[in-house]
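One structure is given below, encoded as structure tokens.
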Amino acid sequence: MAPTTRPKEASGLKSSKKAAGAASAAEATARPSDIVPINNWFRFLETQNSQAIALPLTLLFAVLVRWCVALYGYSGQGSSPMFGDYEAQRHWMEITTHLPPSKWYFYDLQYWGLDYPPLTAFQSWACGFVANLVNPAWVALDSSRGIETHKSKLFMRSTVLVLDLAIFFPAIVLFFRSKRGFGSWVPQQVSIFTALLHPCLLLIDHGHFQYNSVMLGFLVWAVYFAAQEHYVYMAVAFCCALMFKQMALYYAPAVFFFLLAKCFQPNHGFTLFIKLGFAVVATFGLMLLPWIQSPEQLTQILIRVFPVARGLYEDKVANVWCALNVVVKLRNMFETADLLRLATAATSLAFLPACIHLFVMIRRHKGNLLPAVRDNMVKLLNYSLLNTSLAFFLFSFQVHEKSILLPVIPALLL
């Protein structure tokens, strides 16, 4: 006769199975954030009623990491005769300090000629002015080329950090502090921490040596002003981004369609259109003031900022044209002008759906918006910024590898 299971044993077996099942279910439904150290850190601060020190500690840690990255080498270190991007930035301080603006975009173009918009030139002038006060040898015209003394490198690294603190840091903090929908304090702090410590930006700006955080900071300011419904300030902030680095054009379609849709609002739409037009013209006019009376100077700036003659792409960039070149040698088959038209058409086809959707959705909501609706509009703007910047990275003409930073920022703001 087969043995029978005693009632107590059967009951215990069922209980253990239920407990194991509950544990498995709890493990399966556990939030991913529960195993992320930074979430646990902010949750710990919350349990200790120490929320007030969270942001200062985040900012200090972000500065510390930036400075640690800066202790290592940079682009072109010790590599004569050009020395890399670090030397390019230092050289622009040199020429803007000692030469009048009329020569900034003409001087010795074979050795890191200035090829960024005027706001970068003014930033170089301001940094060069300070450098010239501290030690004129750091920015001496021509004779300072390739200078790599310890103190000069310390100064150069400091300029990146100071501009980061002045523009990018406050924009990130204000945006996430004003953003609704987090549900609790911890996700908000994690978002600030993540945005300030994104490795791509840290390595390119504080390692390789660039000032991308300035342009990206102006973009975040523009999105912040959009969230606050200060659309004129938004336009000015974006103009500053565009006049600092031409890569901000990657965002231009989304910003344009967003503001255009706002101009079609029944309440004060036309007034907003006039204000935006004046703000854009005034911002561009102010930054181009030293050259505005000379068509030759303006043409030279345009040529330097948009180097079409360099071809469809340079080096190895992970976009469509570089990948396609493996099997189809487009640069050998077509003239540069034809490739420019092809890249423009492909880029437009890639970003237009997102921009048209943004325009239609913004126009659909009229009058004073509820906070939840306004938040959704800002989220839609960020999605459009992400789509357009990625479209430009994949299909546009003359893409630089650092351009992948541009889709990253709107993604972080989501």
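Numbering starts fresh at 1 for the residues of each chain in the structure tokens, the chains themselves are lettered A, B, ... in the order given, and ligands are numbered from 1 as they appear.
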Non-local contacts of Tyr383 (chain A) (12 Å; only C-alpha atoms; under 5 positions in same chain excluded) as a PDB file with N, CA, C and O atoms, in the first residue's frame:
```
ATOM      1  N   VAL A 223      14.914  74.975 -22.745  1.00  0.00           N
ATOM      2  CA  VAL A 223      13.847  74.045 -22.371  1.00  0.00           C
ATOM      3  C   VAL A 223      13.225  74.458 -21.036  1.00  0.00           C
ATOM      4  O   VAL A 223      12.002  74.386 -20.851  1.00  0.00           O
ATOM      5  N   TYR A 251      19.214  71.167 -33.090  1.00  0.00           N
ATOM      6  CA  TYR A 251      17.988  71.366 -32.323  1.00  0.00           C
ATOM      7  C   TYR A 251      17.025  72.360 -32.984  1.00  0.00           C
ATOM      8  O   TYR A 251      15.867  72.461 -32.576  1.00  0.00           O
ATOM      9  N   ALA A 254      13.166  71.620 -34.106  1.00  0.00           N
ATOM     10  CA  ALA A 254      12.223  71.396 -33.005  1.00  0.00           C
ATOM     11  C   ALA A 254      11.889  72.705 -32.297  1.00  0.00           C
ATOM     12  O   ALA A 254      10.717  72.984 -31.997  1.00  0.00           O
ATOM     13  N   VAL A 255      12.900  73.527 -32.033  1.00  0.00           N
ATOM     14  CA  VAL A 255      12.663  74.816 -31.372  1.00  0.00           C
ATOM     15  C   VAL A 255      11.807  75.718 -32.260  1.00  0.00           C
ATOM     16  O   VAL A 255      10.874  76.376 -31.792  1.00  0.00           O
ATOM     17  N   PHE A 258       8.167  74.499 -32.367  1.00  0.00           N
ATOM     18  CA  PHE A 258       7.535  74.721 -31.067  1.00  0.00           C
ATOM     19  C   PHE A 258       7.107  76.182 -30.918  1.00  0.00           C
ATOM     20  O   PHE A 258       5.957  76.484 -30.568  1.00  0.00           O
ATOM     21  N   PHE A 351      13.750  64.373 -39.775  1.00  0.00           N
ATOM     22  CA  PHE A 351      13.255  65.139 -38.621  1.00  0.00           C
ATOM     23  C   PHE A 351      11.854  65.709 -38.802  1.00  0.00           C
ATOM     24  O   PHE A 351      11.190  66.056 -37.813  1.00  0.00           O
ATOM     25  N   PRO A 353       8.777  64.480 -39.567  1.00  0.00           N
ATOM     26  CA  PRO A 353       7.624  63.877 -38.875  1.00  0.00           C
ATOM     27  C   PRO A 353       7.513  64.280 -37.412  1.00  0.00           C
ATOM     28  O   PRO A 353       6.420  64.621 -36.937  1.00  0.00           O
ATOM     29  N   ALA A 354       8.628  64.258 -36.689  1.00  0.00           N
ATOM     30  CA  ALA A 354       8.591  64.629 -35.274  1.00  0.00           C
ATOM     31  C   ALA A 354       8.232  66.099 -35.092  1.00  0.00           C
ATOM     32  O   ALA A 354       7.471  66.461 -34.182  1.00  0.00           O
ATOM     33  N   CYS A 355       8.757  66.969 -35.969  1.00  0.00           N
ATOM     34  CA  CYS A 355       8.496  68.402 -35.845  1.00  0.00           C
ATOM     35  C   CYS A 355       7.043  68.747 -36.208  1.00  0.00           C
ATOM     36  O   CYS A 355       6.421  69.595 -35.561  1.00  0.00           O
ATOM     37  N   HIS A 357       4.517  66.712 -35.914  1.00  0.00           N
ATOM     38  CA  HIS A 357       3.712  66.214 -34.788  1.00  0.00           C
ATOM     39  C   HIS A 357       3.762  67.195 -33.616  1.00  0.00           C
ATOM     40  O   HIS A 357       2.730  67.471 -32.974  1.00  0.00           O
ATOM     41  N   LEU A 358       4.938  67.718 -33.338  1.00  0.00           N
ATOM     42  CA  LEU A 358       5.076  68.713 -32.266  1.00  0.00           C
ATOM     43  C   LEU A 358       4.222  69.934 -32.558  1.00  0.00           C
ATOM     44  O   LEU A 358       3.497  70.428 -31.673  1.00  0.00           O
ATOM     45  N   ASN A 376       3.359  67.856 -20.316  1.00  0.00           N
ATOM     46  CA  ASN A 376       3.351  66.966 -21.480  1.00  0.00           C
ATOM     47  C   ASN A 376       3.896  67.671 -22.720  1.00  0.00           C
ATOM     48  O   ASN A 376       4.566  67.045 -23.558  1.00  0.00           O
ATOM     49  N   MET A 377       3.629  68.958 -22.839  1.00  0.00           N
ATOM     50  CA  MET A 377       4.154  69.715 -23.982  1.00  0.00           C
ATOM     51  C   MET A 377       5.678  69.821 -23.927  1.00  0.00           C
ATOM     52  O   MET A 377       6.353  69.720 -24.953  1.00  0.00           O
ATOM     53  N   VAL A 378       6.206  70.012 -22.728  1.00  0.00           N
ATOM     54  CA  VAL A 378       7.657  70.087 -22.572  1.00  0.00           C
ATOM     55  C   VAL A 378       8.283  68.722 -22.855  1.00  0.00           C
ATOM     56  O   VAL A 378       9.349  68.633 -23.488  1.00  0.00           O
ATOM     57  N   THR A 388      15.242  65.223 -33.687  1.00  0.00           N
ATOM     58  CA  THR A 388      15.899  66.071 -34.691  1.00  0.00           C
ATOM     59  C   THR A 388      17.421  65.993 -34.565  1.00  0.00           C
ATOM     60  O   THR A 388      18.128  65.919 -35.575  1.00  0.00           O
ATOM     61  N   SER A 389      17.930  65.999 -33.342  1.00  0.00           N
ATOM     62  CA  SER A 389      19.383  65.925 -33.171  1.00  0.00           C
ATOM     63  C   SER A 389      19.928  64.584 -33.641  1.00  0.00           C
ATOM     64  O   SER A 389      21.011  64.511 -34.231  1.00  0.00           O
ATOM     65  N   LEU A 390      19.172  63.522 -33.410  1.00  0.00           N
ATOM     66  CA  LEU A 390      19.612  62.214 -33.885  1.00  0.00           C
ATOM     67  C   LEU A 390      19.535  62.133 -35.411  1.00  0.00           C
ATOM     68  O   LEU A 390      20.399  61.529 -36.058  1.00  0.00           O
ATOM     69  N   PRO A 407      21.986  64.389 -28.977  1.00  0.00           N
ATOM     70  CA  PRO A 407      20.805  63.605 -28.587  1.00  0.00           C
ATOM     71  C   PRO A 407      20.789  63.207 -27.115  1.00  0.00           C
ATOM     72  O   PRO A 407      19.725  62.944 -26.553  1.00  0.00           O
ATOM     73  N   VAL A 408      21.960  63.152 -26.500  1.00  0.00           N
ATOM     74  CA  VAL A 408      22.036  62.681 -25.110  1.00  0.00           C
ATOM     75  C   VAL A 408      21.317  63.614 -24.147  1.00  0.00           C
ATOM     76  O   VAL A 408      20.583  63.170 -23.250  1.00  0.00           O
ATOM     77  N   ILE A 409      21.488  64.931 -24.327  1.00  0.00           N
ATOM     78  CA  ILE A 409      20.931  65.886 -23.369  1.00  0.00           C
ATOM     79  C   ILE A 409      19.392  65.862 -23.339  1.00  0.00           C
ATOM     80  O   ILE A 409      18.792  65.772 -22.262  1.00  0.00           O
ATOM     81  N   PRO A 410      18.690  65.942 -24.493  1.00  0.00           N
ATOM     82  CA  PRO A 410      17.227  65.830 -24.428  1.00  0.00           C
ATOM     83  C   PRO A 410      16.773  64.496 -23.829  1.00  0.00           C
ATOM     84  O   PRO A 410      15.749  64.453 -23.127  1.00  0.00           O
ATOM     85  N   ALA A 411      17.531  63.438 -24.089  1.00  0.00           N
ATOM     86  CA  ALA A 411      17.176  62.141 -23.497  1.00  0.00           C
ATOM     87  C   ALA A 411      17.262  62.196 -21.976  1.00  0.00           C
ATOM     88  O   ALA A 411      16.416  61.642 -21.258  1.00  0.00           O
ATOM     89  N   LEU A 412      18.292  62.875 -21.463  1.00  0.00           N
ATOM     90  CA  LEU A 412      18.427  63.011 -20.005  1.00  0.00           C
ATOM     91  C   LEU A 412      17.297  63.862 -19.425  1.00  0.00           C
ATOM     92  O   LEU A 412      16.868  63.623 -18.285  1.00  0.00           O
ATOM     93  N   LEU A 413      16.819  64.834 -20.177  1.00  0.00           N
ATOM     94  CA  LEU A 413      15.764  65.720 -19.668  1.00  0.00           C
ATOM     95  C   LEU A 413      14.405  65.037 -19.619  1.00  0.00           C
ATOM     96  O   LEU A 413      13.479  65.528 -18.967  1.00  0.00           O
ATOM     97  N   LEU A 414      14.264  63.920 -20.312  1.00  0.00           N
ATOM     98  CA  LEU A 414      12.992  63.196 -20.286  1.00  0.00           C
ATOM     99  C   LEU A 414      12.751  62.559 -18.940  1.00  0.00           C
ATOM    100  O   LEU A 414      11.623  62.257 -18.580  1.00  0.00           O
TER     101      LEU A 414
END
```
Query - Nearest candidate to Cys322 (chain A) (options A:Cys127, A:Leu259, A:Leu394, A:Val281; using only C-alpha atoms) - result: A:Leu394
Query - Contact residues around region 107-120 of chain A with only C-alpha atoms at 6 Å, ignoring same-chain residues under 3 positions, as a VMD selection string - result: chain A and resid 88 103 to 104 123 243 to 245 304 to 305
Just to be explicit: take each residue in the selection above, keep N, CA and C atoms, and write the result as a PDB file, in the first residue's frame.
```pdb
ATOM      1  N   ALA A  88      43.884  74.298 -29.976  1.00  0.00           N
ATOM      2  CA  ALA A  88      42.975  75.132 -30.766  1.00  0.00           C
ATOM      3  C   ALA A  88      42.260  76.132 -29.862  1.00  0.00           C
ATOM      4  N   LYS A 103      40.167  90.571 -37.688  1.00  0.00           N
ATOM      5  CA  LYS A 103      41.166  89.594 -38.095  1.00  0.00           C
ATOM      6  C   LYS A 103      40.950  88.212 -37.462  1.00  0.00           C
ATOM      7  N   TRP A 104      39.959  88.108 -36.589  1.00  0.00           N
ATOM      8  CA  TRP A 104      39.778  86.847 -35.869  1.00  0.00           C
ATOM      9  C   TRP A 104      39.524  85.671 -36.804  1.00  0.00           C
ATOM     10  N   GLN A 123      33.940  84.287 -25.803  1.00  0.00           N
ATOM     11  CA  GLN A 123      34.360  83.480 -24.652  1.00  0.00           C
ATOM     12  C   GLN A 123      35.882  83.311 -24.658  1.00  0.00           C
ATOM     13  N   MET A 243      24.827  80.569 -31.385  1.00  0.00           N
ATOM     14  CA  MET A 243      25.960  81.457 -31.636  1.00  0.00           C
ATOM     15  C   MET A 243      27.216  81.035 -30.882  1.00  0.00           C
ATOM     16  N   PHE A 244      27.082  80.021 -30.039  1.00  0.00           N
ATOM     17  CA  PHE A 244      28.269  79.475 -29.385  1.00  0.00           C
ATOM     18  C   PHE A 244      28.860  78.324 -30.191  1.00  0.00           C
ATOM     19  N   LYS A 245      27.999  77.428 -30.641  1.00  0.00           N
ATOM     20  CA  LYS A 245      28.451  76.325 -31.498  1.00  0.00           C
ATOM     21  C   LYS A 245      27.387  76.047 -32.541  1.00  0.00           C
ATOM     22  N   ARG A 304      33.753  80.003 -42.491  1.00  0.00           N
ATOM     23  CA  ARG A 304      34.504  79.320 -41.439  1.00  0.00           C
ATOM     24  C   ARG A 304      33.609  78.438 -40.573  1.00  0.00           C
ATOM     25  N   VAL A 305      32.400  78.916 -40.305  1.00  0.00           N
ATOM     26  CA  VAL A 305      31.489  78.179 -39.423  1.00  0.00           C
ATOM     27  C   VAL A 305      30.898  76.957 -40.128  1.00  0.00           C
TER      28      VAL A 305
END
```
Query raised in the report: To one decimal place, how far is CA of Gln297 (chain A) from CA of Gln246 (chain A) in Å?
Result: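 Taking CA of Gln297 (chain A) as the start and CA of Gln246 (chain A) as the end point, the length is 17.4 Å.
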Query raised in the report: Any idea what's packed within 12 Å of Phe193 (chain A), counting only C-alpha atoms, ignoring anything in its chain fewer than 5 positions away? Could you give it as a PyMOL selection string?
Result: chain A and resi 38-39+41-42+54-63+65+169+172-173+176+186-188+198-199+412
Report task. Once DSSP has gone over the backbone, tell me which residues of region 247-283 of chain A are in alpha helix (DSSP H), as a ChimeraX atom specification. Result -> /A:252-263,269-283
Query - Asn319 (chain A) environment, 10 Å, only C-alpha atoms, sequence neighbours closer than 3 positions dropped, as a list of chain:residue names - result: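 Close residues of Asn319 (chain A): A:Tyr313, A:Lys316, A:Cys322, A:Ala323, A:Leu324, A:Leu390, A:Ala391, A:Phe392, A:Phe393, A:Leu394, A:Phe395, A:Ser396, A:Val399, A:His400, A:Glu401, A:Ile404.
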Write to file, as a tab-separated table (two decimals), in the first residue's frame, the residues of the selection just made, with all heavy atoms.
```
chain	number	residue	atom	x	y	z
A	313	TYR	N	31.90	63.95	-44.96
A	313	TYR	CA	32.28	63.62	-43.59
A	313	TYR	C	33.80	63.53	-43.51
A	313	TYR	O	34.49	63.43	-44.52
A	313	TYR	CB	31.65	62.30	-43.14
A	313	TYR	CG	32.19	61.09	-43.86
A	313	TYR	CD1	33.30	60.42	-43.40
A	313	TYR	CD2	31.57	60.62	-45.02
A	313	TYR	CE1	33.82	59.32	-44.06
A	313	TYR	CE2	32.06	59.51	-45.69
A	313	TYR	CZ	33.18	58.87	-45.20
A	313	TYR	OH	33.68	57.79	-45.86
A	316	LYS	N	36.17	58.89	-39.12
A	316	LYS	CA	35.20	57.79	-38.98
A	316	LYS	C	34.14	58.18	-37.96
A	316	LYS	O	34.37	58.16	-36.75
A	316	LYS	CB	35.92	56.51	-38.55
A	316	LYS	CG	36.96	56.04	-39.57
A	316	LYS	CD	36.29	55.64	-40.89
A	316	LYS	CE	37.30	55.14	-41.90
A	316	LYS	NZ	38.09	56.24	-42.49
A	322	CYS	N	29.05	57.49	-43.39
A	322	CYS	CA	30.30	56.78	-43.15
A	322	CYS	C	30.10	55.28	-43.30
A	322	CYS	O	30.94	54.57	-43.88
A	322	CYS	CB	30.81	57.11	-41.76
A	322	CYS	SG	32.44	56.43	-41.40
A	323	ALA	N	28.97	54.77	-42.78
A	323	ALA	CA	28.68	53.35	-42.91
A	323	ALA	C	28.45	52.96	-44.36
A	323	ALA	O	28.92	51.92	-44.83
A	323	ALA	CB	27.46	52.99	-42.06
A	324	LEU	N	27.74	53.82	-45.09
A	324	LEU	CA	27.44	53.54	-46.49
A	324	LEU	C	28.70	53.56	-47.35
A	324	LEU	O	28.78	52.86	-48.38
A	324	LEU	CB	26.43	54.56	-47.01
A	324	LEU	CG	25.78	54.29	-48.37
A	324	LEU	CD1	25.02	52.97	-48.34
A	324	LEU	CD2	24.84	55.43	-48.74
A	390	LEU	N	19.17	63.52	-33.41
A	390	LEU	CA	19.61	62.21	-33.88
A	390	LEU	C	19.54	62.13	-35.41
A	390	LEU	O	20.40	61.53	-36.06
A	390	LEU	CB	18.76	61.11	-33.25
A	390	LEU	CG	19.30	59.68	-33.34
A	390	LEU	CD1	20.71	59.59	-32.76
A	390	LEU	CD2	18.36	58.71	-32.63
A	391	ALA	N	18.51	62.77	-35.99
A	391	ALA	CA	18.40	62.81	-37.46
A	391	ALA	C	19.59	63.54	-38.06
A	391	ALA	O	20.17	63.09	-39.07
A	391	ALA	CB	17.08	63.49	-37.86
A	392	PHE	N	19.98	64.65	-37.46
A	392	PHE	CA	21.14	65.39	-37.94
A	392	PHE	C	22.42	64.58	-37.79
A	392	PHE	O	23.27	64.58	-38.68
A	392	PHE	CB	21.28	66.72	-37.20
A	392	PHE	CG	20.54	67.86	-37.83
A	392	PHE	CD1	19.20	68.08	-37.56
A	392	PHE	CD2	21.17	68.72	-38.70
A	392	PHE	CE1	18.50	69.12	-38.15
A	392	PHE	CE2	20.50	69.78	-39.29
A	392	PHE	CZ	19.15	69.97	-39.01
A	393	PHE	N	22.55	63.89	-36.66
A	393	PHE	CA	23.76	63.08	-36.47
A	393	PHE	C	23.86	61.97	-37.51
A	393	PHE	O	24.95	61.68	-38.02
A	393	PHE	CB	23.77	62.47	-35.07
A	393	PHE	CG	24.96	61.59	-34.81
A	393	PHE	CD1	26.20	62.14	-34.51
A	393	PHE	CD2	24.85	60.21	-34.90
A	393	PHE	CE1	27.30	61.33	-34.29
A	393	PHE	CE2	25.95	59.39	-34.69
A	393	PHE	CZ	27.18	59.95	-34.38
A	394	LEU	N	22.75	61.36	-37.85
A	394	LEU	CA	22.77	60.23	-38.77
A	394	LEU	C	22.89	60.64	-40.23
A	394	LEU	O	23.51	59.93	-41.03
A	394	LEU	CB	21.51	59.39	-38.58
A	394	LEU	CG	21.39	58.63	-37.25
A	394	LEU	CD1	20.03	57.95	-37.16
A	394	LEU	CD2	22.51	57.60	-37.12
A	395	PHE	N	22.31	61.78	-40.61
A	395	PHE	CA	22.17	62.09	-42.03
A	395	PHE	C	22.78	63.41	-42.49
A	395	PHE	O	22.88	63.63	-43.70
A	395	PHE	CB	20.68	62.09	-42.42
A	395	PHE	CG	20.01	60.76	-42.26
A	395	PHE	CD1	19.15	60.53	-41.19
A	395	PHE	CD2	20.22	59.74	-43.16
A	395	PHE	CE1	18.52	59.30	-41.04
A	395	PHE	CE2	19.60	58.51	-43.02
A	395	PHE	CZ	18.75	58.29	-41.95
A	396	SER	N	23.14	64.30	-41.58
A	396	SER	CA	23.53	65.63	-42.03
A	396	SER	C	24.95	65.64	-42.61
A	396	SER	O	25.70	64.67	-42.53
A	396	SER	CB	23.42	66.65	-40.90
A	396	SER	OG	24.33	66.37	-39.86
A	399	VAL	N	29.40	65.69	-40.26
A	399	VAL	CA	29.09	65.38	-38.86
A	399	VAL	C	30.39	65.10	-38.11
A	399	VAL	O	31.26	64.39	-38.60
A	399	VAL	CB	28.16	64.16	-38.77
A	399	VAL	CG1	27.98	63.72	-37.31
A	399	VAL	CG2	26.81	64.48	-39.39
A	400	HIS	N	30.50	65.66	-36.91
A	400	HIS	CA	31.66	65.42	-36.05
A	400	HIS	C	31.27	64.37	-35.01
A	400	HIS	O	30.12	64.30	-34.58
A	400	HIS	CB	32.08	66.71	-35.35
A	400	HIS	CG	33.43	66.63	-34.71
A	400	HIS	ND1	33.62	66.05	-33.48
A	400	HIS	CD2	34.66	67.05	-35.12
A	400	HIS	CE1	34.91	66.13	-33.15
A	400	HIS	NE2	35.55	66.72	-34.12
A	401	GLU	N	32.24	63.56	-34.59
A	401	GLU	CA	31.93	62.46	-33.67
A	401	GLU	C	31.35	62.95	-32.34
A	401	GLU	O	30.54	62.28	-31.72
A	401	GLU	CB	33.16	61.59	-33.41
A	401	GLU	CG	34.36	62.30	-32.81
A	401	GLU	CD	35.31	62.84	-33.87
A	401	GLU	OE1	34.91	62.93	-35.04
A	401	GLU	OE2	36.45	63.18	-33.51
A	404	ILE	N	27.31	63.31	-31.11
A	404	ILE	CA	26.42	62.38	-30.43
A	404	ILE	C	26.01	62.91	-29.06
A	404	ILE	O	25.04	62.44	-28.45
A	404	ILE	CB	27.10	60.99	-30.29
A	404	ILE	CG1	26.09	59.91	-29.92
A	404	ILE	CG2	28.24	61.05	-29.30
A	404	ILE	CD1	24.95	59.75	-30.88
```
Query - Given only C-alpha atoms as the counted atoms, nearest of A:Phe359, A:Phe175, A:Tyr105, A:Trp221 to Cys239 (chain A) - result: A:Trp221
Query raised in the report: In terms of the shortest atom-to-atom distance over only C-alpha atoms, which of A:Ile192, A:Leu349, A:Ile303, A:Ala237 is closest to Pro170 (chain A)?
Result: A:Ile192
Report task. Do a neighbour search on Ser213 (chain A) at 6 Å with only C-alpha atoms, toss out local chain neighbours closer than 3 positions, and write the hits as a list in words. Result ->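 Listing them by chain and then by number gives Asp164, Phe168, Leu216 and Gly217 of chain A.
For Gly285 (chain A), the list of residues within 12 Å, based on only C-alpha atoms and with local chain neighbours fewer than 2 positions off taken out, reads Pro118, Leu119, Val236, Cys239, Cys240, Met243, Gly277, Phe278, Ala279, Val280, Val281, Ala282, Thr283, Met287, Leu288, Leu289, Pro290, Trp291, Ile292, Gln293 and Leu298 of chain A.
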Export of prior selection with N, CA, C and O atoms as a PDB file, in the first residue's frame:
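Result file is again.pdb:
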```
ATOM      1  N   PRO A 118      30.473  83.603 -33.234  1.00  0.00           N
ATOM      2  CA  PRO A 118      31.034  84.716 -32.446  1.00  0.00           C
ATOM      3  C   PRO A 118      31.000  84.554 -30.941  1.00  0.00           C
ATOM      4  O   PRO A 118      31.902  85.049 -30.253  1.00  0.00           O
ATOM      5  N   LEU A 119      29.992  83.889 -30.390  1.00  0.00           N
ATOM      6  CA  LEU A 119      29.953  83.778 -28.933  1.00  0.00           C
ATOM      7  C   LEU A 119      31.125  82.955 -28.410  1.00  0.00           C
ATOM      8  O   LEU A 119      31.651  83.225 -27.322  1.00  0.00           O
ATOM      9  N   VAL A 236      15.980  83.591 -26.837  1.00  0.00           N
ATOM     10  CA  VAL A 236      17.289  84.208 -26.593  1.00  0.00           C
ATOM     11  C   VAL A 236      18.301  83.148 -26.166  1.00  0.00           C
ATOM     12  O   VAL A 236      19.449  83.126 -26.644  1.00  0.00           O
ATOM     13  N   CYS A 239      19.300  81.119 -29.152  1.00  0.00           N
ATOM     14  CA  CYS A 239      20.189  81.910 -30.019  1.00  0.00           C
ATOM     15  C   CYS A 239      21.612  81.905 -29.460  1.00  0.00           C
ATOM     16  O   CYS A 239      22.583  81.830 -30.223  1.00  0.00           O
ATOM     17  N   CYS A 240      21.737  81.977 -28.139  1.00  0.00           N
ATOM     18  CA  CYS A 240      23.065  81.919 -27.522  1.00  0.00           C
ATOM     19  C   CYS A 240      23.718  80.564 -27.783  1.00  0.00           C
ATOM     20  O   CYS A 240      24.927  80.498 -28.063  1.00  0.00           O
ATOM     21  N   MET A 243      24.827  80.569 -31.385  1.00  0.00           N
ATOM     22  CA  MET A 243      25.960  81.457 -31.636  1.00  0.00           C
ATOM     23  C   MET A 243      27.216  81.035 -30.882  1.00  0.00           C
ATOM     24  O   MET A 243      28.279  81.619 -31.058  1.00  0.00           O
ATOM     25  N   GLY A 277      10.559  87.713 -32.949  1.00  0.00           N
ATOM     26  CA  GLY A 277      11.347  88.251 -34.056  1.00  0.00           C
ATOM     27  C   GLY A 277      12.335  89.294 -33.593  1.00  0.00           C
ATOM     28  O   GLY A 277      13.516  89.282 -33.995  1.00  0.00           O
ATOM     29  N   PHE A 278      11.874  90.188 -32.725  1.00  0.00           N
ATOM     30  CA  PHE A 278      12.760  91.236 -32.206  1.00  0.00           C
ATOM     31  C   PHE A 278      13.875  90.622 -31.364  1.00  0.00           C
ATOM     32  O   PHE A 278      15.042  91.025 -31.474  1.00  0.00           O
ATOM     33  N   ALA A 279      13.536  89.637 -30.523  1.00  0.00           N
ATOM     34  CA  ALA A 279      14.533  89.023 -29.646  1.00  0.00           C
ATOM     35  C   ALA A 279      15.612  88.314 -30.454  1.00  0.00           C
ATOM     36  O   ALA A 279      16.812  88.436 -30.156  1.00  0.00           O
ATOM     37  N   VAL A 280      15.193  87.579 -31.495  1.00  0.00           N
ATOM     38  CA  VAL A 280      16.158  86.838 -32.310  1.00  0.00           C
ATOM     39  C   VAL A 280      17.069  87.804 -33.078  1.00  0.00           C
ATOM     40  O   VAL A 280      18.297  87.647 -33.088  1.00  0.00           O
ATOM     41  N   VAL A 281      16.470  88.812 -33.718  1.00  0.00           N
ATOM     42  CA  VAL A 281      17.261  89.772 -34.488  1.00  0.00           C
ATOM     43  C   VAL A 281      18.214  90.539 -33.577  1.00  0.00           C
ATOM     44  O   VAL A 281      19.387  90.752 -33.911  1.00  0.00           O
ATOM     45  N   ALA A 282      17.717  90.938 -32.406  1.00  0.00           N
ATOM     46  CA  ALA A 282      18.555  91.698 -31.473  1.00  0.00           C
ATOM     47  C   ALA A 282      19.714  90.844 -30.953  1.00  0.00           C
ATOM     48  O   ALA A 282      20.854  91.324 -30.850  1.00  0.00           O
ATOM     49  N   THR A 283      19.446  89.573 -30.635  1.00  0.00           N
ATOM     50  CA  THR A 283      20.499  88.700 -30.114  1.00  0.00           C
ATOM     51  C   THR A 283      21.574  88.453 -31.163  1.00  0.00           C
ATOM     52  O   THR A 283      22.777  88.585 -30.890  1.00  0.00           O
ATOM     53  N   MET A 287      25.577  90.017 -31.215  1.00  0.00           N
ATOM     54  CA  MET A 287      26.754  89.150 -31.269  1.00  0.00           C
ATOM     55  C   MET A 287      27.563  89.346 -32.549  1.00  0.00           C
ATOM     56  O   MET A 287      28.760  89.055 -32.581  1.00  0.00           O
ATOM     57  N   LEU A 288      26.908  89.821 -33.590  1.00  0.00           N
ATOM     58  CA  LEU A 288      27.608  90.067 -34.857  1.00  0.00           C
ATOM     59  C   LEU A 288      28.015  91.528 -35.025  1.00  0.00           C
ATOM     60  O   LEU A 288      28.506  91.915 -36.082  1.00  0.00           O
ATOM     61  N   LEU A 289      27.813  92.310 -33.983  1.00  0.00           N
ATOM     62  CA  LEU A 289      28.029  93.755 -34.070  1.00  0.00           C
ATOM     63  C   LEU A 289      29.423  94.149 -34.587  1.00  0.00           C
ATOM     64  O   LEU A 289      29.526  95.053 -35.429  1.00  0.00           O
ATOM     65  N   PRO A 290      30.506  93.509 -34.140  1.00  0.00           N
ATOM     66  CA  PRO A 290      31.833  93.933 -34.637  1.00  0.00           C
ATOM     67  C   PRO A 290      32.025  93.723 -36.138  1.00  0.00           C
ATOM     68  O   PRO A 290      32.925  94.327 -36.731  1.00  0.00           O
ATOM     69  N   TRP A 291      31.212  92.883 -36.751  1.00  0.00           N
ATOM     70  CA  TRP A 291      31.412  92.557 -38.175  1.00  0.00           C
ATOM     71  C   TRP A 291      30.216  92.950 -39.051  1.00  0.00           C
ATOM     72  O   TRP A 291      30.238  92.735 -40.254  1.00  0.00           O
ATOM     73  N   ILE A 292      29.185  93.505 -38.443  1.00  0.00           N
ATOM     74  CA  ILE A 292      27.908  93.634 -39.144  1.00  0.00           C
ATOM     75  C   ILE A 292      27.948  94.626 -40.307  1.00  0.00           C
ATOM     76  O   ILE A 292      27.125  94.555 -41.229  1.00  0.00           O
ATOM     77  N   GLN A 293      28.893  95.527 -40.303  1.00  0.00           N
ATOM     78  CA  GLN A 293      28.969  96.525 -41.372  1.00  0.00           C
ATOM     79  C   GLN A 293      29.816  96.070 -42.557  1.00  0.00           C
ATOM     80  O   GLN A 293      29.936  96.793 -43.544  1.00  0.00           O
ATOM     81  N   LEU A 298      31.208  89.099 -42.703  1.00  0.00           N
ATOM     82  CA  LEU A 298      30.093  88.182 -42.454  1.00  0.00           C
ATOM     83  C   LEU A 298      30.205  86.939 -43.330  1.00  0.00           C
ATOM     84  O   LEU A 298      29.925  85.818 -42.879  1.00  0.00           O
TER      85      LEU A 298
END
```
Report summary line: Students should find that CA of Ser403 (chain A) and CA of Ile95 (chain A) are spaced 26.1 Å
